[in-house]
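**Q** Starting off with a structure, shown below.
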Amino acid sequence: MTDSFTPSQQNLLIDLIRQHMLEELTQGQLLKYLRKQFLHMNQGQFAVLVGVSRRTLSDLEQDKGSPAQAIVNKVFAPFGIKTSLAPADPMLACYLFVGKGQSQ
């Protein structure tokens, strides 16, 4: 589905992932923003699309509980995002985006 995103949406997606890695956005906030702004879907529509219950989606968007990695991957799949290992230090995570010797 990411193939259908415009270049500006793709740039926004990268920026939102960076914000998440810097702990400026929670996983739930990121998911809710992507669902609403990129796909223009309500929770019920999106839950059907990704194959989870609306309640599960609601809990994820409210950062409730500790969802299984498989569930997190299901809900982020439409955006071309999957869970993976990431540095615990937000600044080190940011380094992955800006590279050596660059700063923002």
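Starting from 1 in every chain, residues are counted up; chains themselves are A, B, ... following the order of the structure tokens, and ligands are numbered from 1 as listed.
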Extract, using only C-alpha atoms, all DNA, RNA and protein residues at most 10 Å from A:Gln29, discarding same-chain residues fewer than 3 positions from it, and format them as a list in words.

**A**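 Here the qualifying residues turn out to be Leu16, His20, Glu24, Leu25, Thr26, Lys32, Tyr33, Leu34, Arg35, Leu60, Glu61, Gln62 and Asp63 of chain A.
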
**Q** Could you save the residues just selected, with N, CA, C and O atoms, as a PDB file, in the first residue's frame?

**A**
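Result file is selection.pdb:
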ATOM      1  N   LEU A  16       7.526  10.960  10.757  1.00  0.00           N
ATOM      2  CA  LEU A  16       6.729  10.422  11.863  1.00  0.00           C
ATOM      3  C   LEU A  16       7.435   9.243  12.534  1.00  0.00           C
ATOM      4  O   LEU A  16       7.415   9.127  13.770  1.00  0.00           O
ATOM      5  N   HIS A  20       8.689   8.995  16.397  1.00  0.00           N
ATOM      6  CA  HIS A  20       8.406   7.851  17.272  1.00  0.00           C
ATOM      7  C   HIS A  20       9.694   7.319  17.895  1.00  0.00           C
ATOM      8  O   HIS A  20       9.747   7.047  19.094  1.00  0.00           O
ATOM      9  N   GLU A  24       8.917  11.142  20.728  1.00  0.00           N
ATOM     10  CA  GLU A  24       8.057  12.321  20.653  1.00  0.00           C
ATOM     11  C   GLU A  24       6.621  11.910  20.342  1.00  0.00           C
ATOM     12  O   GLU A  24       5.692  12.686  20.571  1.00  0.00           O
ATOM     13  N   LEU A  25       6.440  10.731  19.771  1.00  0.00           N
ATOM     14  CA  LEU A  25       5.125  10.154  19.475  1.00  0.00           C
ATOM     15  C   LEU A  25       5.103   8.729  20.028  1.00  0.00           C
ATOM     16  O   LEU A  25       6.060   7.986  19.836  1.00  0.00           O
ATOM     17  N   THR A  26       4.009   8.367  20.674  1.00  0.00           N
ATOM     18  CA  THR A  26       3.874   6.981  21.102  1.00  0.00           C
ATOM     19  C   THR A  26       3.486   6.121  19.907  1.00  0.00           C
ATOM     20  O   THR A  26       3.055   6.636  18.862  1.00  0.00           O
ATOM     21  N   LYS A  32      -2.689   5.922  15.098  1.00  0.00           N
ATOM     22  CA  LYS A  32      -3.928   6.688  14.917  1.00  0.00           C
ATOM     23  C   LYS A  32      -3.749   7.760  13.844  1.00  0.00           C
ATOM     24  O   LYS A  32      -4.621   7.939  12.984  1.00  0.00           O
ATOM     25  N   TYR A  33      -2.621   8.465  13.872  1.00  0.00           N
ATOM     26  CA  TYR A  33      -2.366   9.503  12.879  1.00  0.00           C
ATOM     27  C   TYR A  33      -2.322   8.900  11.477  1.00  0.00           C
ATOM     28  O   TYR A  33      -2.949   9.417  10.546  1.00  0.00           O
ATOM     29  N   LEU A  34      -1.580   7.806  11.325  1.00  0.00           N
ATOM     30  CA  LEU A  34      -1.460   7.171  10.015  1.00  0.00           C
ATOM     31  C   LEU A  34      -2.816   6.690   9.503  1.00  0.00           C
ATOM     32  O   LEU A  34      -3.152   6.877   8.336  1.00  0.00           O
ATOM     33  N   ARG A  35      -3.569   6.057  10.379  1.00  0.00           N
ATOM     34  CA  ARG A  35      -4.890   5.547   9.983  1.00  0.00           C
ATOM     35  C   ARG A  35      -5.784   6.675   9.486  1.00  0.00           C
ATOM     36  O   ARG A  35      -6.411   6.568   8.426  1.00  0.00           O
ATOM     37  N   LEU A  60      -4.610  -0.457  21.090  1.00  0.00           N
ATOM     38  CA  LEU A  60      -3.305  -0.111  20.521  1.00  0.00           C
ATOM     39  C   LEU A  60      -3.150   1.406  20.389  1.00  0.00           C
ATOM     40  O   LEU A  60      -2.106   1.959  20.730  1.00  0.00           O
ATOM     41  N   GLU A  61      -4.181   2.058  19.903  1.00  0.00           N
ATOM     42  CA  GLU A  61      -4.112   3.508  19.705  1.00  0.00           C
ATOM     43  C   GLU A  61      -4.063   4.264  21.027  1.00  0.00           C
ATOM     44  O   GLU A  61      -3.600   5.399  21.059  1.00  0.00           O
ATOM     45  N   GLN A  62      -4.524   3.633  22.093  1.00  0.00           N
ATOM     46  CA  GLN A  62      -4.474   4.261  23.411  1.00  0.00           C
ATOM     47  C   GLN A  62      -3.261   3.782  24.215  1.00  0.00           C
ATOM     48  O   GLN A  62      -3.145   4.082  25.402  1.00  0.00           O
ATOM     49  N   ASP A  63      -2.377   3.024  23.557  1.00  0.00           N
ATOM     50  CA  ASP A  63      -1.160   2.503  24.189  1.00  0.00           C
ATOM     51  C   ASP A  63      -1.471   1.672  25.430  1.00  0.00           C
ATOM     52  O   ASP A  63      -0.757   1.722  26.423  1.00  0.00           O
TER      53      ASP A  63
END

**Q** Can you write out as CSV which residues of stretch 19-53 of chain A fall within 8 Å of stretch 74-93 of chain A, alongside each residue's closest atom pair and its distance in Å to one decimal, counting only C-alpha atoms and ordering rows by chain and ascending residue number?

**A**
residue,atom,partner,partner_atom,distance
A:Met21,CA,A:Pro90,CA,5.9
A:Leu22,CA,A:Pro90,CA,4.5
A:Glu23,CA,A:Pro90,CA,6.8
A:Leu31,CA,A:Phe76,CA,7.2
A:Leu34,CA,A:Phe79,CA,7.7
A:Val50,CA,A:Val75,CA,5.8
A:Gly51,CA,A:Lys74,CA,7.6
A:Val52,CA,A:Val75,CA,8.0

**Q** Excluding same-chain residues fewer than 6 positions from A:Gln43, what lies within 8 Å of it counting only C-alpha atoms, as a PyMOL selection string?

**A** chain A and resi 54+57-58

**Q** Would you list, as a count of residues only, the residues of chain A that end up in alpha helix (DSSP H) under DSSP run on this structure's backbone?

**A** 60

**Q** Measure the distance from atom CA of A:Leu12 to atom CA of A:His40 in Å and round it to one decimal.

**A**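 Atom-to-atom, atom CA of A:Leu12 to atom CA of A:His40, that is 15.6 Å.
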
**Q** With only C-alpha atoms as the basis for distance, which of A:Leu49, A:Leu39, A:Leu96, A:Gln69 is at the shortest distance from A:Gln9?

**A** A:Leu39
